[in-house]
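data.txt follows; it contains compact mmCIF, C-alpha atoms.
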```
# COMPACT_ATOMS: atom_id res chain seq x y z
CA MET A 1 -16.40 22.72 9.07
CA ALA A 2 -19.13 20.12 9.46
CA LYS A 3 -18.59 17.52 12.19
CA ASP A 4 -17.14 14.51 10.41
CA ASN A 5 -16.87 11.81 13.03
CA GLN A 6 -19.66 9.89 11.31
CA VAL A 7 -17.83 9.65 8.00
CA SER A 8 -17.25 6.03 7.03
CA ILE A 9 -13.77 4.69 6.35
CA THR A 10 -14.79 3.87 2.77
CA VAL A 11 -15.45 7.55 2.12
CA VAL A 12 -12.25 8.57 3.90
CA ARG A 13 -10.19 6.29 1.65
CA ARG A 14 -11.54 8.01 -1.46
CA LEU A 15 -10.51 11.46 -0.27
CA PRO A 16 -6.78 11.17 -1.02
CA LYS A 17 -7.66 10.01 -4.52
CA TYR A 18 -9.79 13.11 -5.09
CA TYR A 19 -6.96 15.18 -3.66
CA ARG A 20 -4.49 13.64 -6.11
CA TYR A 21 -6.69 14.46 -9.11
CA LEU A 22 -7.47 17.94 -7.84
CA THR A 23 -3.74 18.56 -7.42
CA GLU A 24 -3.12 17.57 -11.03
CA LEU A 25 -6.00 19.75 -12.27
CA LYS A 26 -4.67 22.66 -10.27
CA GLU A 27 -1.17 22.12 -11.73
CA LYS A 28 -2.68 22.14 -15.20
CA GLY A 29 -4.36 25.47 -14.46
CA ILE A 30 -7.88 24.10 -14.75
CA SER A 31 -10.16 26.26 -12.61
CA ARG A 32 -13.48 24.43 -12.69
CA ILE A 33 -14.69 20.84 -12.78
CA SER A 34 -18.09 19.15 -12.75
CA SER A 35 -18.90 16.03 -10.76
CA GLN A 36 -19.41 14.31 -14.11
CA GLU A 37 -15.88 15.20 -15.24
CA LEU A 38 -14.53 14.11 -11.85
CA SER A 39 -16.44 10.87 -12.35
CA VAL A 40 -14.61 10.22 -15.62
CA LEU A 41 -11.27 10.92 -13.94
CA THR A 42 -11.78 8.97 -10.76
CA GLY A 43 -14.03 6.13 -11.86
CA PHE A 44 -16.53 6.91 -9.11
CA THR A 45 -20.08 7.88 -10.03
CA ALA A 46 -20.93 11.59 -10.06
CA SER A 47 -23.56 10.85 -7.42
CA GLN A 48 -20.99 9.13 -5.16
CA ILE A 49 -18.65 12.08 -5.52
CA ARG A 50 -21.32 14.61 -4.57
CA GLN A 51 -22.37 12.48 -1.62
CA ASP A 52 -18.77 12.15 -0.44
CA PHE A 53 -18.22 15.91 -0.51
CA ASN A 54 -21.57 16.55 1.17
CA ASN A 55 -20.17 14.83 4.26
CA PHE A 56 -17.97 17.87 4.68
CA GLY A 57 -20.31 20.69 3.82
CA GLY A 58 -20.73 20.41 0.05
CA PHE A 59 -18.46 22.57 -2.04
CA GLY A 60 -20.11 22.73 -5.41
CA GLN A 61 -22.76 24.81 -7.01
CA GLN A 62 -25.62 23.44 -9.03
CA GLY A 63 -24.93 24.15 -12.68
CA TYR A 64 -21.38 25.33 -11.99
CA GLY A 65 -19.64 22.31 -10.59
CA TYR A 66 -16.66 22.80 -8.32
CA ASN A 67 -13.99 25.45 -8.18
CA VAL A 68 -10.76 23.46 -8.40
CA GLU A 69 -8.70 25.69 -6.14
CA ASP A 70 -11.39 25.87 -3.43
CA LEU A 71 -12.04 22.13 -3.52
CA HIS A 72 -8.31 21.40 -3.43
CA ARG A 73 -7.89 23.67 -0.42
CA GLU A 74 -10.84 22.10 1.40
CA LEU A 75 -9.61 18.57 0.77
CA LYS A 76 -6.16 19.60 1.95
CA LYS A 77 -7.68 20.81 5.22
CA ILE A 78 -9.91 17.76 5.63
CA LEU A 79 -6.94 15.45 5.07
CA GLY A 80 -4.94 17.42 7.63
CA LEU A 81 -2.37 18.30 4.99
CA ASP A 82 -2.30 21.97 5.93
CA SER A 83 -0.46 20.92 9.08
CA ASN A 84 3.05 19.64 9.45
CA TYR A 85 3.78 16.34 11.10
CA ASN A 86 6.97 14.99 12.60
CA ALA A 87 7.61 11.29 12.25
CA VAL A 88 10.13 8.72 13.36
CA ILE A 89 10.88 5.36 11.79
CA VAL A 90 11.78 2.16 13.60
CA GLY A 91 13.45 -0.36 11.33
CA ALA A 92 16.30 1.11 9.31
CA GLY A 93 16.52 -1.58 6.63
CA ASN A 94 15.91 -0.83 2.97
CA LEU A 95 12.22 -0.10 3.41
CA GLY A 96 12.74 2.24 6.36
CA GLN A 97 15.50 4.03 4.49
CA ALA A 98 13.29 4.29 1.41
CA ILE A 99 10.54 5.93 3.48
CA ALA A 100 13.05 8.32 5.08
CA ASN A 101 14.36 9.21 1.65
CA TYR A 102 11.00 9.81 -0.01
CA LYS A 103 10.89 13.54 -0.61
CA GLY A 104 7.25 13.41 -1.66
CA PHE A 105 6.21 12.99 1.96
CA GLU A 106 8.20 16.00 3.06
CA ASP A 107 6.57 18.09 0.32
CA ALA A 108 3.24 17.07 1.84
CA GLY A 109 4.29 18.25 5.31
CA PHE A 110 5.58 15.00 6.82
CA LYS A 111 9.10 15.29 8.21
CA VAL A 112 11.07 12.26 9.32
CA LEU A 113 13.17 13.39 12.28
CA SER A 114 15.05 10.15 12.92
CA LEU A 115 15.30 6.46 12.18
CA PHE A 116 15.92 3.91 14.90
CA ASP A 117 17.35 0.42 14.84
CA ARG A 118 19.08 -2.08 17.08
CA ASN A 119 21.58 -3.19 14.43
CA PRO A 120 25.00 -1.67 15.29
CA ARG A 121 25.97 -1.79 11.61
CA VAL A 122 23.48 0.91 10.72
CA ILE A 123 23.38 2.95 13.92
CA GLY A 124 25.15 6.25 13.31
CA LEU A 125 24.64 6.21 9.52
CA LYS A 126 22.67 8.99 7.86
CA ILE A 127 19.97 8.94 5.21
CA ARG A 128 20.27 12.36 3.61
CA ASP A 129 20.55 14.41 6.82
CA ILE A 130 18.47 12.01 8.92
CA GLU A 131 20.37 9.97 11.49
CA ILE A 132 19.85 6.31 12.38
CA ARG A 133 19.84 6.20 16.16
CA ASP A 134 20.03 3.39 18.67
CA ILE A 135 16.52 2.17 19.54
CA GLU A 136 17.53 2.48 23.21
CA THR A 137 17.39 6.25 22.82
CA ILE A 138 13.90 6.45 21.36
CA ASP A 139 11.98 7.28 24.53
CA SER A 140 14.05 10.37 25.26
CA PHE A 141 14.06 11.38 21.58
CA ILE A 142 10.28 11.34 21.36
CA LYS A 143 10.05 13.25 24.67
CA GLU A 144 12.40 15.94 23.43
CA ASN A 145 10.80 16.28 20.02
CA ASN A 146 7.22 16.84 18.96
CA VAL A 147 6.48 13.55 17.18
CA GLN A 148 2.98 12.77 15.90
CA ILE A 149 3.62 9.77 13.67
CA GLY A 150 5.47 6.51 14.35
CA ILE A 151 6.42 4.44 11.32
CA ILE A 152 7.10 0.70 11.61
CA THR A 153 9.33 -0.95 9.01
CA THR A 154 10.58 -3.87 11.11
CA PRO A 155 9.98 -7.59 10.59
CA LYS A 156 6.55 -8.65 11.81
CA GLU A 157 7.89 -10.23 14.99
CA SER A 158 9.05 -6.84 16.34
CA ALA A 159 6.13 -4.74 15.17
CA GLN A 160 3.91 -5.00 18.25
CA SER A 161 6.68 -4.08 20.66
CA VAL A 162 7.51 -1.06 18.49
CA ALA A 163 3.84 -0.07 18.54
CA ASP A 164 3.94 -0.39 22.33
CA ILE A 165 6.92 1.97 22.48
CA TYR A 166 5.09 4.49 20.31
CA VAL A 167 1.91 4.29 22.38
CA LYS A 168 3.82 4.56 25.66
CA ASN A 169 5.45 7.74 24.40
CA GLY A 170 2.20 9.41 23.42
CA ILE A 171 2.32 8.95 19.65
CA LYS A 172 -1.22 8.94 18.25
CA GLY A 173 -0.68 7.86 14.64
CA ILE A 174 1.12 4.73 13.48
CA TRP A 175 2.02 3.89 9.88
CA ASN A 176 2.70 0.19 9.81
CA PHE A 177 4.47 -1.70 7.02
CA ALA A 178 4.95 -4.97 8.92
CA PRO A 179 2.64 -7.77 7.70
CA THR A 180 0.81 -8.21 10.98
CA ASP A 181 -2.00 -6.73 13.04
CA LEU A 182 -1.29 -4.36 15.92
CA VAL A 183 -3.07 -3.90 19.21
CA VAL A 184 -3.33 -0.27 20.28
CA PRO A 185 -5.67 1.83 22.45
CA ASP A 186 -8.77 3.32 20.83
CA ASN A 187 -7.31 6.81 20.68
CA VAL A 188 -4.39 5.69 18.49
CA VAL A 189 -4.80 5.43 14.73
CA VAL A 190 -3.03 2.68 12.81
CA GLU A 191 -2.77 2.73 9.04
CA HIS A 192 -1.39 -0.46 7.56
CA VAL A 193 0.45 -0.70 4.25
CA ARG A 194 -0.12 -4.26 3.11
CA LEU A 195 2.59 -4.81 0.49
CA ASN A 196 2.28 -8.60 0.51
CA GLU A 197 -1.49 -8.42 0.10
CA SER A 198 -1.14 -6.00 -2.81
CA LEU A 199 1.30 -8.32 -4.56
CA PHE A 200 -0.99 -11.30 -3.94
CA VAL A 201 -3.91 -9.46 -5.57
CA LEU A 202 -1.66 -9.02 -8.61
CA SER A 203 -0.82 -12.73 -8.70
CA TYR A 204 -4.54 -13.56 -8.32
CA PHE A 205 -5.28 -11.69 -11.50
CA LEU A 206 -2.28 -13.10 -13.35
CA ARG A 207 -3.53 -16.59 -12.51
CA ALA A 208 -7.16 -15.76 -13.31
CA MET A 209 -6.23 -14.30 -16.70
CA ASN A 210 -4.34 -17.43 -17.66
CA GLU A 211 -7.17 -19.86 -17.02
CA MET B 1 -12.04 -25.02 -9.54
CA ALA B 2 -15.12 -22.90 -10.08
CA LYS B 3 -14.91 -20.27 -12.78
CA ASP B 4 -14.07 -17.07 -10.98
CA ASN B 5 -14.19 -14.34 -13.55
CA GLN B 6 -17.33 -12.95 -11.91
CA VAL B 7 -15.65 -12.45 -8.55
CA SER B 8 -15.72 -8.78 -7.54
CA ILE B 9 -12.54 -6.89 -6.75
CA THR B 10 -13.81 -6.28 -3.20
CA VAL B 11 -13.86 -10.02 -2.58
CA VAL B 12 -10.48 -10.49 -4.26
CA ARG B 13 -8.90 -7.89 -1.95
CA ARG B 14 -10.05 -9.84 1.10
CA LEU B 15 -8.43 -13.06 -0.05
CA PRO B 16 -4.82 -12.15 0.84
CA LYS B 17 -5.99 -11.18 4.31
CA TYR B 18 -7.59 -14.60 4.79
CA TYR B 19 -4.39 -16.14 3.46
CA ARG B 20 -2.30 -14.23 6.00
CA TYR B 21 -4.44 -15.44 8.91
CA LEU B 22 -4.57 -19.01 7.61
CA THR B 23 -0.78 -18.97 7.32
CA GLU B 24 -0.47 -17.92 10.97
CA LEU B 25 -2.97 -20.54 12.08
CA LYS B 26 -1.10 -23.18 10.14
CA GLU B 27 2.20 -22.06 11.71
CA LYS B 28 0.61 -22.36 15.14
CA GLY B 29 -0.45 -25.92 14.34
CA ILE B 30 -4.18 -25.16 14.51
CA SER B 31 -5.98 -27.68 12.30
CA ARG B 32 -9.56 -26.43 12.27
CA ILE B 33 -11.37 -23.09 12.33
CA SER B 34 -15.00 -21.98 12.20
CA SER B 35 -16.26 -19.03 10.19
CA GLN B 36 -17.16 -17.44 13.52
CA GLU B 37 -13.57 -17.73 14.76
CA LEU B 38 -12.31 -16.40 11.42
CA SER B 39 -14.75 -13.55 11.86
CA VAL B 40 -13.18 -12.62 15.18
CA LEU B 41 -9.71 -12.73 13.62
CA THR B 42 -10.44 -10.87 10.40
CA GLY B 43 -13.17 -8.45 11.42
CA PHE B 44 -15.40 -9.65 8.60
CA THR B 45 -18.77 -11.20 9.43
CA ALA B 46 -18.98 -15.00 9.41
CA SER B 47 -21.61 -14.69 6.70
CA GLN B 48 -19.30 -12.56 4.52
CA ILE B 49 -16.50 -15.07 4.95
CA ARG B 50 -18.68 -18.01 3.93
CA GLN B 51 -19.98 -16.05 0.93
CA ASP B 52 -16.46 -15.14 -0.12
CA PHE B 53 -15.28 -18.74 -0.06
CA ASN B 54 -18.42 -19.92 -1.84
CA ASN B 55 -17.22 -17.98 -4.89
CA PHE B 56 -14.53 -20.60 -5.25
CA GLY B 57 -16.40 -23.77 -4.45
CA GLY B 58 -16.96 -23.57 -0.71
CA PHE B 59 -14.43 -25.37 1.45
CA GLY B 60 -16.14 -25.79 4.77
CA GLN B 61 -18.46 -28.31 6.30
CA GLN B 62 -21.57 -27.46 8.22
CA GLY B 63 -20.90 -28.10 11.89
CA TYR B 64 -17.18 -28.63 11.32
CA GLY B 65 -15.94 -25.36 9.96
CA TYR B 66 -12.84 -25.31 7.79
CA ASN B 67 -9.77 -27.50 7.75
CA VAL B 68 -6.92 -25.00 8.07
CA GLU B 69 -4.44 -26.84 5.88
CA ASP B 70 -6.97 -27.45 3.10
CA LEU B 71 -8.24 -23.88 3.16
CA HIS B 72 -4.69 -22.52 3.19
CA ARG B 73 -3.79 -24.67 0.20
CA GLU B 74 -6.91 -23.61 -1.73
CA LEU B 75 -6.30 -19.92 -1.04
CA LYS B 76 -2.70 -20.35 -2.10
CA LYS B 77 -3.87 -21.78 -5.43
CA ILE B 78 -6.57 -19.15 -5.91
CA LEU B 79 -4.06 -16.39 -5.28
CA GLY B 80 -1.66 -17.96 -7.76
CA LEU B 81 0.93 -18.41 -5.03
CA ASP B 82 1.65 -22.02 -5.98
CA SER B 83 3.39 -20.66 -9.05
CA ASN B 84 6.65 -18.81 -9.30
CA TYR B 85 6.87 -15.43 -10.93
CA ASN B 86 9.82 -13.56 -12.34
CA ALA B 87 9.81 -9.81 -11.95
CA VAL B 88 11.90 -6.85 -12.99
CA ILE B 89 12.03 -3.41 -11.40
CA VAL B 90 12.45 -0.10 -13.19
CA GLY B 91 13.60 2.66 -10.86
CA ALA B 92 16.57 1.66 -8.74
CA GLY B 93 16.23 4.34 -6.07
CA ASN B 94 15.65 3.47 -2.44
CA LEU B 95 12.16 2.14 -2.98
CA GLY B 96 13.15 -0.08 -5.91
CA GLN B 97 16.11 -1.36 -3.93
CA ALA B 98 13.86 -2.02 -0.94
CA ILE B 99 11.52 -4.07 -3.10
CA ALA B 100 14.44 -6.00 -4.60
CA ASN B 101 15.76 -6.69 -1.14
CA TYR B 102 12.50 -7.83 0.41
CA LYS B 103 13.00 -11.55 1.03
CA GLY B 104 9.35 -12.02 1.93
CA PHE B 105 8.39 -11.76 -1.72
CA GLU B 106 10.88 -14.40 -2.75
CA ASP B 107 9.54 -16.74 -0.07
CA ALA B 108 6.12 -16.28 -1.70
CA GLY B 109 7.49 -17.25 -5.13
CA PHE B 110 8.27 -13.83 -6.61
CA LYS B 111 11.83 -13.54 -7.86
CA VAL B 112 13.30 -10.20 -8.93
CA LEU B 113 15.66 -10.94 -11.81
CA SER B 114 16.98 -7.44 -12.39
CA LEU B 115 16.59 -3.76 -11.63
CA PHE B 116 16.86 -1.12 -14.34
CA ASP B 117 17.68 2.55 -14.23
CA ARG B 118 19.03 5.33 -16.39
CA ASN B 119 21.21 6.82 -13.67
CA PRO B 120 24.86 5.91 -14.39
CA ARG B 121 25.68 6.16 -10.70
CA VAL B 122 23.65 3.07 -9.89
CA ILE B 123 24.02 1.07 -13.09
CA GLY B 124 26.29 -1.88 -12.41
CA LEU B 125 25.65 -1.96 -8.66
CA LYS B 126 24.12 -5.03 -7.05
CA ILE B 127 21.34 -5.46 -4.51
CA ARG B 128 22.18 -8.78 -2.91
CA ASP B 129 22.91 -10.74 -6.11
CA ILE B 130 20.53 -8.71 -8.27
CA GLU B 131 22.13 -6.36 -10.76
CA ILE B 132 21.04 -2.84 -11.68
CA ARG B 133 21.16 -2.71 -15.47
CA ASP B 134 20.93 0.11 -17.95
CA ILE B 135 17.31 0.72 -18.96
CA GLU B 136 18.48 0.62 -22.58
CA THR B 137 18.97 -3.14 -22.21
CA ILE B 138 15.52 -3.93 -20.85
CA ASP B 139 13.88 -5.05 -24.10
CA SER B 140 16.46 -7.75 -24.74
CA PHE B 141 16.52 -8.76 -21.07
CA ILE B 142 12.78 -9.36 -20.98
CA LYS B 143 12.97 -11.25 -24.29
CA GLU B 144 15.69 -13.54 -22.99
CA ASN B 145 14.07 -14.13 -19.63
CA ASN B 146 10.61 -15.31 -18.66
CA VAL B 147 9.25 -12.20 -16.92
CA GLN B 148 5.63 -12.03 -15.78
CA ILE B 149 5.68 -8.97 -13.52
CA GLY B 150 6.97 -5.45 -14.12
CA ILE B 151 7.46 -3.27 -11.08
CA ILE B 152 7.51 0.54 -11.35
CA THR B 153 9.35 2.53 -8.70
CA THR B 154 10.16 5.62 -10.75
CA PRO B 155 8.93 9.19 -10.23
CA LYS B 156 5.41 9.66 -11.57
CA GLU B 157 6.58 11.47 -14.71
CA SER B 158 8.32 8.32 -16.02
CA ALA B 159 5.77 5.75 -14.95
CA GLN B 160 3.63 5.66 -18.10
CA SER B 161 6.62 5.22 -20.42
CA VAL B 162 7.86 2.38 -18.22
CA ALA B 163 4.42 0.78 -18.39
CA ASP B 164 4.58 1.14 -22.18
CA ILE B 165 7.93 -0.69 -22.22
CA TYR B 166 6.47 -3.49 -20.12
CA VAL B 167 3.36 -3.82 -22.28
CA LYS B 168 5.41 -3.73 -25.50
CA ASN B 169 7.51 -6.61 -24.20
CA GLY B 170 4.55 -8.81 -23.32
CA ILE B 171 4.46 -8.36 -19.54
CA LYS B 172 0.93 -8.94 -18.26
CA GLY B 173 1.16 -7.81 -14.65
CA ILE B 174 2.36 -4.43 -13.42
CA TRP B 175 2.98 -3.47 -9.80
CA ASN B 176 3.03 0.29 -9.70
CA PHE B 177 4.37 2.44 -6.86
CA ALA B 178 4.34 5.75 -8.74
CA PRO B 179 1.56 8.12 -7.63
CA THR B 180 -0.20 8.26 -10.97
CA ASP B 181 -2.65 6.34 -13.11
CA LEU B 182 -1.47 4.13 -15.95
CA VAL B 183 -3.03 3.39 -19.30
CA VAL B 184 -2.62 -0.22 -20.38
CA PRO B 185 -4.52 -2.68 -22.61
CA ASP B 186 -7.36 -4.66 -21.09
CA ASN B 187 -5.33 -7.86 -20.89
CA VAL B 188 -2.73 -6.28 -18.62
CA VAL B 189 -3.30 -6.11 -14.86
CA VAL B 190 -2.08 -3.11 -12.90
CA GLU B 191 -1.95 -3.14 -9.13
CA HIS B 192 -1.18 0.24 -7.60
CA VAL B 193 0.48 0.76 -4.24
CA ARG B 194 -0.74 4.17 -3.11
CA LEU B 195 1.75 5.16 -0.41
CA ASN B 196 0.81 8.84 -0.45
CA GLU B 197 -2.88 8.04 -0.17
CA SER B 198 -2.23 5.70 2.76
CA LEU B 199 -0.29 8.41 4.58
CA PHE B 200 -3.02 10.96 3.87
CA VAL B 201 -5.65 8.65 5.41
CA LEU B 202 -3.45 8.61 8.52
CA SER B 203 -3.26 12.38 8.63
CA TYR B 204 -7.04 12.59 8.12
CA PHE B 205 -7.57 10.62 11.30
CA LEU B 206 -4.91 12.52 13.22
CA ARG B 207 -6.71 15.74 12.33
CA ALA B 208 -10.17 14.32 13.00
CA MET B 209 -9.13 13.03 16.43
CA ASN B 210 -7.83 16.42 17.45
CA GLU B 211 -11.02 18.36 16.74
```

Using the file provided, produce a representation of the structure as structure tokens.
Amino acid sequence: MAKDNQVSITVVRRLPKYYRYLTELKEKGISRISSQELSVLTGFTASQIRQDFNNFGGFGQQGYGYNVEDLHRELKKILGLDSNYNAVIVGAGNLGQAIANYKGFEDAGFKVLSLFDRNPRVIGLKIRDIEIRDIETIDSFIKENNVQIGIITTPKESAQSVADIYVKNGIKGIWNFAPTDLVVPDNVVVEHVRLNESLFVLSYFLRAMNE
Amino acid sequence: MAKDNQVSITVVRRLPKYYRYLTELKEKGISRISSQELSVLTGFTASQIRQDFNNFGGFGQQGYGYNVEDLHRELKKILGLDSNYNAVIVGAGNLGQAIANYKGFEDAGFKVLSLFDRNPRVIGLKIRDIEIRDIETIDSFIKENNVQIGIITTPKESAQSVADIYVKNGIKGIWNFAPTDLVVPDNVVVEHVRLNESLFVLSYFLRAMNE
């Protein structure tokens, strides 16, 4: 596979969208798609789409378009979805429990091994078959299990110290839901889910439409 | 306020980030900030920041920078956060319950009036003081209440029919968590929260870092 450490974040963020459409096309039994048809589906220009895929070796054929199954498989590899990942969650409130309970992630190869919290009222409870453990036990848990992803669903005040725990224990990927920035070493990836910001974009447009 | 129907979505998506930083600065009692300092905080160039604010009238003064309280107040207005919004949620699983339970939204002026579901095992339950009602009653509920925002936390197969219910009942803003596109009239805003896509960006980088 072509070296992709030069690929910009803007391109990277489009890849899961392509993957979603390719998955639907594959489910519908469609075997072939042109960049023009993908353009209609995704809203990106055909030229942008071809450029994006060319970052990774170019999968289409002039005059043919793309083979859906091949492109789907390539995107799956590029997105790392042909691997399985173990995750833990710190913050066992509603949001943490919702993430633990979301079967769609497991179907995509992401397995939540445990939740952690400091609230004695939730420690010991189970979400499906996933236990909520005392945060005091997280270091040994991560040591004893092969955990790649640390999820943060705590209030913002606790998020950095949770990130520090993850980093200390060798976790390289953090999925953060707390509405704050995190400081981590360069070899750790943080992906933020900005729920507040998403909602505020919605209210921007509601206001703008009414004026 | 300057007419802002020409403002691009890329600018709009930066506004909540500015708002988040301005809120923290305000909480810290900082009264003044330069575009250069904002640049360090946000990661955007000082020039980009000034351009973004100029879309809305320009709030700074050459040589002075920005008054934090004024800028915060302006952003709050621009984002529509000086209004209150009523919302309903369809899909009372863990994610819907997490959204209903998230006090941060209420602090920002977004009040969830009710959840709806078709599952008899959750109908009648309460999340804090918010009831889960039978989806059959949603038309009359929206008629009798002043609801601006419809939230979708159903599986993807149901999302379009829920959007149709919202549109039919005059709701103008939809916050969608289901991993699918939605078809709505032009005068209805849809903001998607793409949890799967966020997680797949994370796995992209985990894979890329390991090769």

Select, as a tab-separated table (two decimals) with C-alpha atoms, keeping the file's coordinate frame, those residues of chain B with any atom no more than 6 Å from chain A (distances computed using all atoms listed in the file).
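And here is the file that came out, selection.tsv:
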```
chain	number	residue	atom	x	y	z
B	16	PRO	CA	-4.82	-12.15	0.84
B	79	LEU	CA	-4.06	-16.39	-5.28
B	80	GLY	CA	-1.66	-17.96	-7.76
B	94	ASN	CA	15.65	3.47	-2.44
B	95	LEU	CA	12.16	2.14	-2.98
B	98	ALA	CA	13.86	-2.02	-0.94
B	191	GLU	CA	-1.95	-3.14	-9.13
B	197	GLU	CA	-2.88	8.04	-0.17
B	202	LEU	CA	-3.45	8.61	8.52
B	203	SER	CA	-3.26	12.38	8.63
B	204	TYR	CA	-7.04	12.59	8.12
B	207	ARG	CA	-6.71	15.74	12.33
```

Straight-line distance linking atom CA of B:Val68 with atom CA of B:Gln51, stated in Å to one decimal:
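Those two atoms sit 17.4 Å apart.
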
Please report the interatomic distance between atom CA of A:Gln6 and atom CA of A:Phe44 in Å with one decimal.
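Distance reported for this atom pair: 20.9 Å.
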
Could you check which residues have any atom within 12 Å of (-19.9, 19.3, -1.0), counting all atoms listed in the file with coordinates taken straight from the file, and then list them as a VMD selection string?
chain A and resid 1 to 2 34 to 35 46 to 62 65 to 67 70 to 71 74 to 75

Residues within 12 Å of A:Lys126, please, as a ChimeraX atom specification. Count all atoms listed in the file; anything in the same chain fewer than 2 positions from it doesn't count.
/A:92,97,100-101,113-116,121-124,128-133

For the residues selected in the previous step, produce a file with C-alpha atoms as a PDB file, in the frame of the given file.
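The resulting part13.pdb:
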```
ATOM      1  CA  ALA A  92      16.300   1.110   9.310  1.00  0.00           C
ATOM      2  CA  GLN A  97      15.500   4.030   4.490  1.00  0.00           C
ATOM      3  CA  ALA A 100      13.050   8.320   5.080  1.00  0.00           C
ATOM      4  CA  ASN A 101      14.360   9.210   1.650  1.00  0.00           C
ATOM      5  CA  LEU A 113      13.170  13.390  12.280  1.00  0.00           C
ATOM      6  CA  SER A 114      15.050  10.150  12.920  1.00  0.00           C
ATOM      7  CA  LEU A 115      15.300   6.460  12.180  1.00  0.00           C
ATOM      8  CA  PHE A 116      15.920   3.910  14.900  1.00  0.00           C
ATOM      9  CA  ARG A 121      25.970  -1.790  11.610  1.00  0.00           C
ATOM     10  CA  VAL A 122      23.480   0.910  10.720  1.00  0.00           C
ATOM     11  CA  ILE A 123      23.380   2.950  13.920  1.00  0.00           C
ATOM     12  CA  GLY A 124      25.150   6.250  13.310  1.00  0.00           C
ATOM     13  CA  ARG A 128      20.270  12.360   3.610  1.00  0.00           C
ATOM     14  CA  ASP A 129      20.550  14.410   6.820  1.00  0.00           C
ATOM     15  CA  ILE A 130      18.470  12.010   8.920  1.00  0.00           C
ATOM     16  CA  GLU A 131      20.370   9.970  11.490  1.00  0.00           C
ATOM     17  CA  ILE A 132      19.850   6.310  12.380  1.00  0.00           C
ATOM     18  CA  ARG A 133      19.840   6.200  16.160  1.00  0.00           C
TER      19      ARG A 133
END
```

Taking (9.4, 10.3, 10.1) in the coordinates of the supplied file, I want to know which residues reach to within 6 Å of it, counting all atoms listed in the file; could you give the answer as a list of chain:residue names?
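These residues have at least one counted atom within 6 Å: A:Asn86, A:Ala87, A:Val88, A:Ile89, A:Lys111, A:Val112, A:Leu113.
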
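For the atom pair formed by atom CA of A:Ile135 and atom CA of A:Pro185, the distance is 22.4 Å, given to one decimal.
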
Need to verify the contact set: A:Ala163, 9 Å, all atoms listed in the file, exclusion of same-chain residues closer than 4 positions in sequence. Can you return it as a PyMOL selection string?
chain A and resi 150-152+158-159+167-168+174+176+182-184

Rebuild stretch 145-154 of chain A so that it carries N, CA, C and O atoms, then output the result as a compact mmCIF listing (two decimals), in the frame of the given file.
```txt
# COMPACT_ATOMS: atom_id res chain seq x y z
N ASN A 145 11.27 15.76 21.31
CA ASN A 145 10.80 16.28 20.02
C ASN A 145 9.29 16.11 19.93
O ASN A 145 8.69 15.31 20.62
N ASN A 146 8.67 16.86 19.09
CA ASN A 146 7.22 16.84 18.96
C ASN A 146 6.84 15.86 17.84
O ASN A 146 6.74 16.25 16.68
N VAL A 147 6.67 14.58 18.19
CA VAL A 147 6.48 13.55 17.18
C VAL A 147 5.03 13.09 17.16
O VAL A 147 4.50 12.65 18.18
N GLN A 148 4.39 13.19 16.00
CA GLN A 148 2.98 12.77 15.90
C GLN A 148 2.83 11.37 15.31
O GLN A 148 1.86 10.68 15.58
N ILE A 149 3.79 11.01 14.44
CA ILE A 149 3.62 9.77 13.67
C ILE A 149 4.78 8.81 13.90
O ILE A 149 5.95 9.20 13.79
N GLY A 150 4.46 7.56 14.21
CA GLY A 150 5.47 6.51 14.35
C GLY A 150 5.33 5.54 13.19
O GLY A 150 4.25 5.00 12.96
N ILE A 151 6.42 5.32 12.48
CA ILE A 151 6.42 4.44 11.32
C ILE A 151 7.11 3.13 11.70
O ILE A 151 8.13 3.15 12.39
N ILE A 152 6.53 2.02 11.27
CA ILE A 152 7.10 0.70 11.61
C ILE A 152 7.50 -0.01 10.33
O ILE A 152 6.65 -0.35 9.49
N THR A 153 8.81 -0.21 10.17
CA THR A 153 9.33 -0.95 9.01
C THR A 153 10.28 -2.05 9.51
O THR A 153 11.38 -2.24 8.99
N THR A 154 9.82 -2.74 10.55
CA THR A 154 10.58 -3.87 11.11
C THR A 154 9.98 -5.17 10.59
O THR A 154 8.91 -5.17 10.00
```
